[in-house]
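*Asks:* upload_8.pdb is reproduced in full below (PDB, C-alpha atoms and all ligand atoms).
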```pdb
ATOM      1  CA  MET A1372       0.680  17.168   2.815  1.00  0.00           C
ATOM      2  CA  ILE A1373      -2.472  16.129   0.917  1.00  0.00           C
ATOM      3  CA  LYS A1374      -5.762  14.948   2.395  1.00  0.00           C
ATOM      4  CA  ASP A1375      -6.827  11.495   1.159  1.00  0.00           C
ATOM      5  CA  GLU A1376     -10.501  12.000   0.317  1.00  0.00           C
ATOM      6  CA  ARG A1377     -11.387   8.323   0.953  1.00  0.00           C
ATOM      7  CA  TRP A1378     -11.236   8.823   4.745  1.00  0.00           C
ATOM      8  CA  GLU A1379     -11.447  11.634   7.301  1.00  0.00           C
ATOM      9  CA  GLY A1380      -8.118  12.684   8.809  1.00  0.00           C
ATOM     10  CA  VAL A1381      -5.785  10.714   6.521  1.00  0.00           C
ATOM     11  CA  TYR A1382      -2.887  12.640   4.971  1.00  0.00           C
ATOM     12  CA  THR A1383      -0.182  11.646   2.470  1.00  0.00           C
ATOM     13  CA  MET A1384       3.064  13.385   1.484  1.00  0.00           C
ATOM     14  CA  GLU A1385       2.731  12.999  -2.290  1.00  0.00           C
ATOM     15  CA  ASP A1386       3.087  16.751  -2.817  1.00  0.00           C
ATOM     16  CA  SER A1387       6.659  16.637  -1.420  1.00  0.00           C
ATOM     17  CA  PRO A1388       9.287  15.645  -4.023  1.00  0.00           C
ATOM     18  CA  TYR A1389      11.827  15.316  -1.191  1.00  0.00           C
ATOM     19  CA  LEU A1390       9.714  12.831   0.784  1.00  0.00           C
ATOM     20  CA  MET A1391       8.830  10.937  -2.410  1.00  0.00           C
ATOM     21  CA  GLU A1392      12.556  10.603  -3.154  1.00  0.00           C
ATOM     22  CA  VAL A1393      13.208   9.257   0.356  1.00  0.00           C
ATOM     23  CA  LEU A1394      10.326   6.801  -0.123  1.00  0.00           C
ATOM     24  CA  THR A1395      11.835   5.690  -3.450  1.00  0.00           C
ATOM     25  CA  GLU A1396      15.144   4.930  -1.696  1.00  0.00           C
ATOM     26  CA  LEU A1397      13.316   2.947   0.975  1.00  0.00           C
ATOM     27  CA  ARG A1398      11.368   0.923  -1.597  1.00  0.00           C
ATOM     28  CA  ASP A1399      14.483   0.098  -3.646  1.00  0.00           C
ATOM     29  CA  ARG A1400      15.674  -3.449  -2.835  1.00  0.00           C
ATOM     30  CA  GLU A1401      19.267  -2.294  -3.483  1.00  0.00           C
ATOM     31  CA  THR A1402      19.136   0.067  -0.471  1.00  0.00           C
ATOM     32  CA  ASP A1403      21.082  -1.515   2.400  1.00  0.00           C
ATOM     33  CA  SER A1404      20.319  -1.271   6.149  1.00  0.00           C
ATOM     34  CA  ILE A1405      22.418   1.855   6.593  1.00  0.00           C
ATOM     35  CA  GLY A1406      20.553   3.660   3.813  1.00  0.00           C
ATOM     36  CA  PHE A1407      17.236   2.266   5.027  1.00  0.00           C
ATOM     37  CA  ARG A1408      17.758   3.502   8.597  1.00  0.00           C
ATOM     38  CA  LYS A1409      18.885   6.911   7.360  1.00  0.00           C
ATOM     39  CA  GLY A1410      15.757   7.137   5.210  1.00  0.00           C
ATOM     40  CA  LEU A1411      13.499   6.368   8.183  1.00  0.00           C
ATOM     41  CA  VAL A1412      15.222   9.023  10.318  1.00  0.00           C
ATOM     42  CA  LYS A1413      14.680  11.577   7.512  1.00  0.00           C
ATOM     43  CA  LEU A1414      11.002  10.648   7.233  1.00  0.00           C
ATOM     44  CA  GLY A1415      10.487  10.918  10.999  1.00  0.00           C
ATOM     45  CA  ARG A1416      11.989  14.381  10.989  1.00  0.00           C
ATOM     46  CA  PHE A1417      10.305  15.836   7.922  1.00  0.00           C
ATOM     47  CA  MET A1418       6.914  14.248   8.563  1.00  0.00           C
ATOM     48  CA  GLY A1419       7.244  15.703  12.063  1.00  0.00           C
ATOM     49  CA  TYR A1420       7.454  19.148  10.419  1.00  0.00           C
ATOM     50  CA  GLU A1421       4.273  18.356   8.483  1.00  0.00           C
ATOM     51  CA  ILE A1422       2.504  17.451  11.748  1.00  0.00           C
ATOM     52  CA  ILE A1423       3.607  20.780  13.253  1.00  0.00           C
ATOM     53  CA  LYS A1424       1.764  22.578  10.422  1.00  0.00           C
ATOM     54  CA  THR A1425      -1.457  21.167  11.884  1.00  0.00           C
ATOM     55  CA  MET A1426      -0.716  22.259  15.477  1.00  0.00           C
ATOM     56  CA  GLU A1427      -2.027  25.305  17.329  1.00  0.00           C
ATOM     57  CA  PHE A1428       0.315  28.191  18.015  1.00  0.00           C
ATOM     58  CA  GLU A1429       0.249  31.399  20.040  1.00  0.00           C
ATOM     59  CA  LYS A1430       1.554  34.837  19.119  1.00  0.00           C
ATOM     60  CA  ARG A1431       4.433  35.978  21.312  1.00  0.00           C
ATOM     61  CA  ARG A1432       5.947  39.460  21.588  1.00  0.00           C
ATOM     62  CA  ILE A1433       9.724  39.184  22.075  1.00  0.00           C
ATOM     63  CA  GLU A1434      12.786  41.406  22.025  1.00  0.00           C
ATOM     64  CA  THR A1435      15.651  40.788  19.641  1.00  0.00           C
ATOM     65  CA  PRO A1436      18.986  42.322  20.720  1.00  0.00           C
ATOM     66  CA  LEU A1437      17.886  45.329  18.612  1.00  0.00           C
ATOM     67  CA  GLU A1438      14.118  45.823  19.038  1.00  0.00           C
ATOM     68  CA  GLU A1439      10.724  44.302  19.864  1.00  0.00           C
ATOM     69  CA  THR A1440       9.002  42.071  17.296  1.00  0.00           C
ATOM     70  CA  ASP A1441       6.189  39.524  16.927  1.00  0.00           C
ATOM     71  CA  GLY A1442       6.863  35.807  17.021  1.00  0.00           C
ATOM     72  CA  ILE A1443       4.993  32.569  17.620  1.00  0.00           C
ATOM     73  CA  VAL A1444       5.221  29.539  19.900  1.00  0.00           C
ATOM     74  CA  VAL A1445       3.782  26.192  18.778  1.00  0.00           C
ATOM     75  CA  VAL A1446       2.385  25.270  22.168  1.00  0.00           C
ATOM     76  CA  ASP A1447       1.275  21.753  21.212  1.00  0.00           C
ATOM     77  CA  ARG A1448       4.831  20.869  20.115  1.00  0.00           C
ATOM     78  CA  ARG A1449       5.739  20.778  23.822  1.00  0.00           C
ATOM     79  CA  ASN A1450       2.934  18.358  24.711  1.00  0.00           C
ATOM     80  CA  VAL A1451       3.804  15.303  22.663  1.00  0.00           C
ATOM     81  CA  VAL A1452       4.014  11.629  23.583  1.00  0.00           C
ATOM     82  CA  ILE A1453       5.701   9.405  21.010  1.00  0.00           C
ATOM     83  CA  ILE A1454       4.842   5.696  21.108  1.00  0.00           C
ATOM     84  CA  THR A1455       7.466   3.622  19.312  1.00  0.00           C
ATOM     85  CA  VAL A1456       6.228   0.287  17.998  1.00  0.00           C
ATOM     86  CA  LEU A1457       9.236  -2.058  17.913  1.00  0.00           C
ATOM     87  CA  ARG A1458      11.248  -2.822  15.861  1.00  0.00           C
ATOM     88  CA  ALA A1459      11.274  -0.667  12.790  1.00  0.00           C
ATOM     89  CA  ALA A1460       9.873   2.507  14.367  1.00  0.00           C
ATOM     90  CA  VAL A1461      13.137   3.130  16.265  1.00  0.00           C
ATOM     91  CA  PRO A1462      14.750   5.241  13.492  1.00  0.00           C
ATOM     92  CA  LEU A1463      11.404   7.001  12.818  1.00  0.00           C
ATOM     93  CA  MET A1464      11.332   7.993  16.501  1.00  0.00           C
ATOM     94  CA  GLU A1465      14.925   9.243  16.247  1.00  0.00           C
ATOM     95  CA  GLY A1466      13.795  11.638  13.496  1.00  0.00           C
ATOM     96  CA  LEU A1467      10.659  12.677  15.376  1.00  0.00           C
ATOM     97  CA  VAL A1468      12.550  13.669  18.545  1.00  0.00           C
ATOM     98  CA  LYS A1469      14.636  16.120  16.522  1.00  0.00           C
ATOM     99  CA  VAL A1470      11.389  18.035  15.990  1.00  0.00           C
ATOM    100  CA  PHE A1471       9.576  17.168  19.239  1.00  0.00           C
ATOM    101  CA  GLU A1472      12.542  17.440  21.585  1.00  0.00           C
ATOM    102  CA  HIS A1473      10.302  17.675  24.684  1.00  0.00           C
ATOM    103  CA  ALA A1474       8.470  14.445  23.859  1.00  0.00           C
ATOM    104  CA  ARG A1475       7.822  11.782  26.458  1.00  0.00           C
ATOM    105  CA  ILE A1476       8.445   8.390  24.893  1.00  0.00           C
ATOM    106  CA  GLY A1477       6.645   5.088  25.198  1.00  0.00           C
ATOM    107  CA  ILE A1478       7.759   1.727  23.811  1.00  0.00           C
ATOM    108  CA  VAL A1479       5.481  -1.095  22.699  1.00  0.00           C
ATOM    109  CA  SER A1480       6.595  -4.453  21.378  1.00  0.00           C
ATOM    110  CA  ALA A1481       3.997  -6.294  19.333  1.00  0.00           C
ATOM    111  CA  VAL A1482       4.500  -9.464  17.334  1.00  0.00           C
ATOM    112  CA  ARG A1483       2.117 -10.122  14.482  1.00  0.00           C
ATOM    113  CA  GLY A1484       1.258 -13.791  13.896  1.00  0.00           C
ATOM    114  CA  LYS A1485       0.949 -15.474  10.516  1.00  0.00           C
ATOM    115  CA  ALA A1486      -1.893 -15.369   7.962  1.00  0.00           C
ATOM    116  CA  PRO A1487      -4.831 -15.720   7.903  1.00  0.00           C
ATOM    117  CA  GLU A1488      -5.501 -14.615  11.538  1.00  0.00           C
ATOM    118  CA  PHE A1489      -2.551 -12.203  11.997  1.00  0.00           C
ATOM    119  CA  ARG A1490      -3.035 -12.518  15.775  1.00  0.00           C
ATOM    120  CA  VAL A1491      -1.096  -9.820  17.631  1.00  0.00           C
ATOM    121  CA  GLU A1492       0.826 -10.533  20.812  1.00  0.00           C
ATOM    122  CA  MET A1493       1.870  -7.515  22.861  1.00  0.00           C
ATOM    123  CA  ASN A1494       4.855  -8.587  24.938  1.00  0.00           C
ATOM    124  CA  TYR A1495       6.267  -5.285  26.252  1.00  0.00           C
ATOM    125  CA  ILE A1496       4.327  -2.107  27.011  1.00  0.00           C
ATOM    126  CA  LYS A1497       5.812   0.988  28.635  1.00  0.00           C
ATOM    127  CA  ILE A1498       3.671   4.065  28.089  1.00  0.00           C
ATOM    128  CA  PRO A1499       4.055   7.334  30.023  1.00  0.00           C
ATOM    129  CA  GLN A1500       1.090   9.065  31.605  1.00  0.00           C
ATOM    130  CA  ILE A1501      -1.026  10.765  28.921  1.00  0.00           C
ATOM    131  CA  ARG A1502      -2.546  14.191  29.696  1.00  0.00           C
ATOM    132  CA  GLU A1503      -5.576  15.778  28.056  1.00  0.00           C
ATOM    133  CA  GLU A1504      -3.448  18.487  26.374  1.00  0.00           C
ATOM    134  CA  ASP A1505      -1.162  15.873  24.744  1.00  0.00           C
ATOM    135  CA  THR A1506      -0.791  14.872  21.133  1.00  0.00           C
ATOM    136  CA  VAL A1507       0.101  11.181  21.009  1.00  0.00           C
ATOM    137  CA  ILE A1508       2.095  10.172  17.925  1.00  0.00           C
ATOM    138  CA  ILE A1509       2.241   6.414  17.369  1.00  0.00           C
ATOM    139  CA  ALA A1510       5.168   5.616  15.088  1.00  0.00           C
ATOM    140  CA  ASP A1511       4.762   2.367  13.143  1.00  0.00           C
ATOM    141  CA  PRO A1512       6.246   2.281   9.632  1.00  0.00           C
ATOM    142  CA  MET A1513       3.860  -0.188   7.964  1.00  0.00           C
ATOM    143  CA  ILE A1514       0.090   0.096   8.403  1.00  0.00           C
ATOM    144  CA  ALA A1515      -0.774  -3.232   6.808  1.00  0.00           C
ATOM    145  CA  THR A1516      -3.722  -5.181   8.279  1.00  0.00           C
ATOM    146  CA  GLY A1517      -4.055  -2.574  11.044  1.00  0.00           C
ATOM    147  CA  SER A1518      -4.160  -5.364  13.690  1.00  0.00           C
ATOM    148  CA  THR A1519      -1.069  -4.216  15.587  1.00  0.00           C
ATOM    149  CA  LEU A1520      -2.150  -0.586  15.610  1.00  0.00           C
ATOM    150  CA  ILE A1521      -5.639  -1.443  16.824  1.00  0.00           C
ATOM    151  CA  GLU A1522      -4.094  -3.274  19.815  1.00  0.00           C
ATOM    152  CA  VAL A1523      -1.696  -0.367  20.451  1.00  0.00           C
ATOM    153  CA  LEU A1524      -4.546   2.166  20.224  1.00  0.00           C
ATOM    154  CA  ARG A1525      -6.651   0.159  22.709  1.00  0.00           C
ATOM    155  CA  GLU A1526      -3.654   0.159  25.059  1.00  0.00           C
ATOM    156  CA  VAL A1527      -2.967   3.903  24.628  1.00  0.00           C
ATOM    157  CA  LYS A1528      -6.585   4.680  25.514  1.00  0.00           C
ATOM    158  CA  ARG A1529      -6.060   2.990  28.902  1.00  0.00           C
ATOM    159  CA  TYR A1530      -3.416   5.594  29.778  1.00  0.00           C
ATOM    160  CA  GLY A1531      -5.551   8.708  29.220  1.00  0.00           C
ATOM    161  CA  SER A1532      -7.618  10.762  26.788  1.00  0.00           C
ATOM    162  CA  PRO A1533      -5.258  12.960  24.776  1.00  0.00           C
ATOM    163  CA  LYS A1534      -6.219  15.959  22.637  1.00  0.00           C
ATOM    164  CA  ARG A1535      -5.125  14.153  19.454  1.00  0.00           C
ATOM    165  CA  ILE A1536      -3.884  10.709  18.456  1.00  0.00           C
ATOM    166  CA  ILE A1537      -1.817  10.544  15.279  1.00  0.00           C
ATOM    167  CA  VAL A1538      -0.497   7.398  13.625  1.00  0.00           C
ATOM    168  CA  LEU A1539       2.676   8.121  11.692  1.00  0.00           C
ATOM    169  CA  GLY A1540       3.735   5.506   9.153  1.00  0.00           C
ATOM    170  CA  VAL A1541       5.740   5.184   5.968  1.00  0.00           C
ATOM    171  CA  LEU A1542       3.146   3.265   3.942  1.00  0.00           C
ATOM    172  CA  ALA A1543      -0.388   2.050   4.482  1.00  0.00           C
ATOM    173  CA  ALA A1544      -2.728  -0.395   2.773  1.00  0.00           C
ATOM    174  CA  PRO A1545      -6.352   0.749   2.287  1.00  0.00           C
ATOM    175  CA  GLU A1546      -7.553  -2.317   4.267  1.00  0.00           C
ATOM    176  CA  GLY A1547      -5.529  -1.317   7.345  1.00  0.00           C
ATOM    177  CA  ILE A1548      -6.681   2.301   7.299  1.00  0.00           C
ATOM    178  CA  SER A1549     -10.336   1.273   6.965  1.00  0.00           C
ATOM    179  CA  ARG A1550     -10.062  -1.129   9.922  1.00  0.00           C
ATOM    180  CA  ILE A1551      -8.430   1.492  12.148  1.00  0.00           C
ATOM    181  CA  LYS A1552     -10.942   4.177  11.140  1.00  0.00           C
ATOM    182  CA  LYS A1553     -13.874   1.836  11.858  1.00  0.00           C
ATOM    183  CA  GLU A1554     -12.846   1.379  15.510  1.00  0.00           C
ATOM    184  CA  PHE A1555     -11.126   4.766  16.024  1.00  0.00           C
ATOM    185  CA  PRO A1556     -12.684   7.350  13.674  1.00  0.00           C
ATOM    186  CA  GLU A1557     -10.989  10.211  15.539  1.00  0.00           C
ATOM    187  CA  VAL A1558      -7.449   8.914  14.944  1.00  0.00           C
ATOM    188  CA  GLU A1559      -5.461  10.844  12.320  1.00  0.00           C
ATOM    189  CA  ILE A1560      -3.101   9.010   9.981  1.00  0.00           C
ATOM    190  CA  PHE A1561      -0.010  10.518   8.314  1.00  0.00           C
ATOM    191  CA  VAL A1562       1.813   8.368   5.727  1.00  0.00           C
ATOM    192  CA  THR A1563       3.957   9.123   2.680  1.00  0.00           C
ATOM    193  CA  LYS A1564       1.539   7.190   0.471  1.00  0.00           C
ATOM    194  CA  VAL A1565      -1.373   4.734   0.586  1.00  0.00           C
ATOM    195  CA  ASP A1566      -0.287   1.722  -1.482  1.00  0.00           C
ATOM    196  CA  ARG A1567      -2.456  -0.562  -3.627  1.00  0.00           C
ATOM    197  CA  GLU A1568      -3.248  -3.625  -1.482  1.00  0.00           C
ATOM    198  CA  LEU A1569      -2.054  -6.393   0.826  1.00  0.00           C
ATOM    199  CA  ASN A1570      -0.853  -9.769  -0.401  1.00  0.00           C
ATOM    200  CA  GLU A1571      -2.057 -13.005   1.243  1.00  0.00           C
ATOM    201  CA  ASP A1572       0.829 -12.865   3.756  1.00  0.00           C
ATOM    202  CA  GLY A1573      -0.187  -9.378   4.887  1.00  0.00           C
ATOM    203  CA  TYR A1574       2.588  -7.502   3.073  1.00  0.00           C
ATOM    204  CA  ILE A1575       1.862  -4.157   1.458  1.00  0.00           C
ATOM    205  CA  LEU A1576       2.126  -4.014  -2.373  1.00  0.00           C
ATOM    206  CA  PRO A1577       4.187  -2.530  -3.924  1.00  0.00           C
ATOM    207  CA  GLY A1578       5.489  -1.720  -0.423  1.00  0.00           C
ATOM    208  CA  LEU A1579       9.088  -1.903   0.682  1.00  0.00           C
ATOM    209  CA  GLY A1580       9.324  -5.432   2.084  1.00  0.00           C
ATOM    210  CA  ASP A1581       9.760  -6.212   5.772  1.00  0.00           C
ATOM    211  CA  ALA A1582      10.596  -2.907   7.441  1.00  0.00           C
ATOM    212  CA  GLY A1583      12.040  -4.552  10.594  1.00  0.00           C
ATOM    213  CA  ASP A1584      14.345  -6.881   8.658  1.00  0.00           C
ATOM    214  CA  ARG A1585      15.508  -4.098   6.381  1.00  0.00           C
ATOM    215  CA  THR A1586      16.153  -1.717   9.289  1.00  0.00           C
ATOM    216  CA  PHE A1587      18.191  -4.158  11.323  1.00  0.00           C
ATOM    217  CA  GLY A1588      19.581  -6.304   8.504  1.00  0.00           C
ATOM    218  CA  SER A1589      18.235  -9.477  10.113  1.00  0.00           C
ATOM    219  CA  PRO A1590      14.995 -11.451  10.100  1.00  0.00           C
TER     220      PRO A1590
HETATM  221  N1  LIG B   1       5.136  -5.133   7.901  1.00  0.00           N
HETATM  222  C1  LIG B   1       6.193  -4.880   7.081  1.00  0.00           C
HETATM  223  O1  LIG B   1       7.315  -4.730   7.537  1.00  0.00           O
HETATM  224  N2  LIG B   1       5.958  -4.811   5.746  1.00  0.00           N
HETATM  225  C2  LIG B   1       4.739  -4.967   5.207  1.00  0.00           C
HETATM  226  O2  LIG B   1       4.607  -4.869   3.984  1.00  0.00           O
HETATM  227  C3  LIG B   1       3.668  -5.214   6.084  1.00  0.00           C
HETATM  228  C4  LIG B   1       3.881  -5.303   7.428  1.00  0.00           C
END
```
Written as structure tokens, how would this file's structure read?
Ligand code: URA
*Replies:*
Amino acid sequence: MIKDERWEGVYTMEDSPYLMEVLTELRDRETDSIGFRKGLVKLGRFMGYEIIKTMEFEKRRIETPLEETDGIVVVDRRNVVIITVLRAAVPLMEGLVKVFEHARIGIVSAVRGKAPEFRVEMNYIKIPQIREEDTVIIADPMIATGSTLIEVLREVKRYGSPKRIIVLGVLAAPEGISRIKKEFPEVEIFVTKVDRELNEDGYILPGLGDAGDRTFGSP
């Protein structure tokens, strides 16, 4: 995990050859839906491990079958709410719950309109109660214009004031990160990489195409 010096609280995975290889598979147009879904599950799981590195833990004295020893418990790992932004975040969430098995899960469906407005319509919102000790992880693979995430973040804030809010994505465009950070400076962002730019249709370049279509094999 590397800090991106352009913003506070933005981290990329460029120091991980494994995660860069998974990203390469996801970017490759020859990767089919099965491979694409598997790649997203892997990213959810291994980026989840990276998030754990940033969580608080407590020392715990335990007994093995042979003797006493010191151990740790990552307390915050037990206080996680995962918000899955439909559609393409479903496999990311599947990977995340392997690491955060106690997580309470929320689902949000948001449809992004066409350029140039990219108006976002939220048509399904189911978010569990959020407590002040919680870390909320919003899983959304593509942080493009940031419009969807800004709507989701506004919604999340109505359900409580958690300890941390993390956005977990595969790729981000600088424009989207800057917009999110302007309205929510405290939100942390974890992505494999920040790509170059958005095209006029709001797609990330070089990107990986439409994450929803590639996950489900249908537009
Ligand atoms: N959503 C996608 O699926 N891909 C992009 O490049 C941007 C938004």
*Asks:* If you apply the PyMOL selection byres (((chain A and resi 1508-1513) around 7) and not hetatm) to this file, what residues do you get, as a compact mmCIF listing (two decimals) with C-alpha atoms, in the coordinates of the input?
*Replies:*
```txt
# COMPACT_ATOMS: atom_id res chain seq x y z
CA VAL A 1452 4.01 11.63 23.58
CA ILE A 1453 5.70 9.40 21.01
CA ILE A 1454 4.84 5.70 21.11
CA THR A 1455 7.47 3.62 19.31
CA VAL A 1456 6.23 0.29 18.00
CA ALA A 1459 11.27 -0.67 12.79
CA ALA A 1460 9.87 2.51 14.37
CA LEU A 1463 11.40 7.00 12.82
CA MET A 1464 11.33 7.99 16.50
CA THR A 1506 -0.79 14.87 21.13
CA VAL A 1507 0.10 11.18 21.01
CA ILE A 1514 0.09 0.10 8.40
CA ALA A 1515 -0.77 -3.23 6.81
CA ILE A 1536 -3.88 10.71 18.46
CA ILE A 1537 -1.82 10.54 15.28
CA VAL A 1538 -0.50 7.40 13.62
CA LEU A 1539 2.68 8.12 11.69
CA GLY A 1540 3.74 5.51 9.15
CA VAL A 1541 5.74 5.18 5.97
CA LEU A 1542 3.15 3.26 3.94
CA ALA A 1543 -0.39 2.05 4.48
```
*Asks:* Using Å and a single decimal, report how far CA of Met1372 in chain A sits from CA of Val1479 in chain A.
*Replies:*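 So the answer is 27.4 Å.
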*Asks:* One number please: CA of Pro1577 in chain A to CA of Glu1492 in chain A, in Å, one decimal.
*Replies:*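 About the pair CA of Pro1577 in chain A and CA of Glu1492 in chain A: they are 26.2 Å apart.
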*Asks:* Once the PyMOL selection byres (((not hetatm)) within 8 of (chain B and resi 1)) has been applied to the shown file, what residues remain in the selection, as a list in words?
*Replies:* Ala1459, Pro1512, Met1513, Ile1514, Ala1515, Thr1516, Leu1569, Gly1573, Tyr1574, Ile1575, Leu1576, Gly1578, Leu1579, Gly1580, Asp1581, Ala1582, Gly1583 and Asp1584 of chain A
*Asks:* Go ahead and write the selection's residues with C-alpha atoms as a tab-separated table (two decimals), keeping the file's coordinate frame.
*Replies:*
```
chain	number	residue	atom	x	y	z
A	1459	ALA	CA	11.27	-0.67	12.79
A	1512	PRO	CA	6.25	2.28	9.63
A	1513	MET	CA	3.86	-0.19	7.96
A	1514	ILE	CA	0.09	0.10	8.40
A	1515	ALA	CA	-0.77	-3.23	6.81
A	1516	THR	CA	-3.72	-5.18	8.28
A	1569	LEU	CA	-2.05	-6.39	0.83
A	1573	GLY	CA	-0.19	-9.38	4.89
A	1574	TYR	CA	2.59	-7.50	3.07
A	1575	ILE	CA	1.86	-4.16	1.46
A	1576	LEU	CA	2.13	-4.01	-2.37
A	1578	GLY	CA	5.49	-1.72	-0.42
A	1579	LEU	CA	9.09	-1.90	0.68
A	1580	GLY	CA	9.32	-5.43	2.08
A	1581	ASP	CA	9.76	-6.21	5.77
A	1582	ALA	CA	10.60	-2.91	7.44
A	1583	GLY	CA	12.04	-4.55	10.59
A	1584	ASP	CA	14.34	-6.88	8.66
```
*Asks:* Kindly indicate which residue among A:Pro1590, A:Arg1535, A:Asp1572, A:Asp1441 lies nearest to Ile1560 in chain A, using all atoms listed in the file for the distances.
*Replies:* A:Arg1535
*Asks:* What does the PyMOL selection byres (((chain A and resi 1413) around 9) and not hetatm) select in this file, as a PyMOL selection string?
*Replies:* chain A and resi 1390+1393+1408-1412+1414-1418+1462-1463+1466-1467
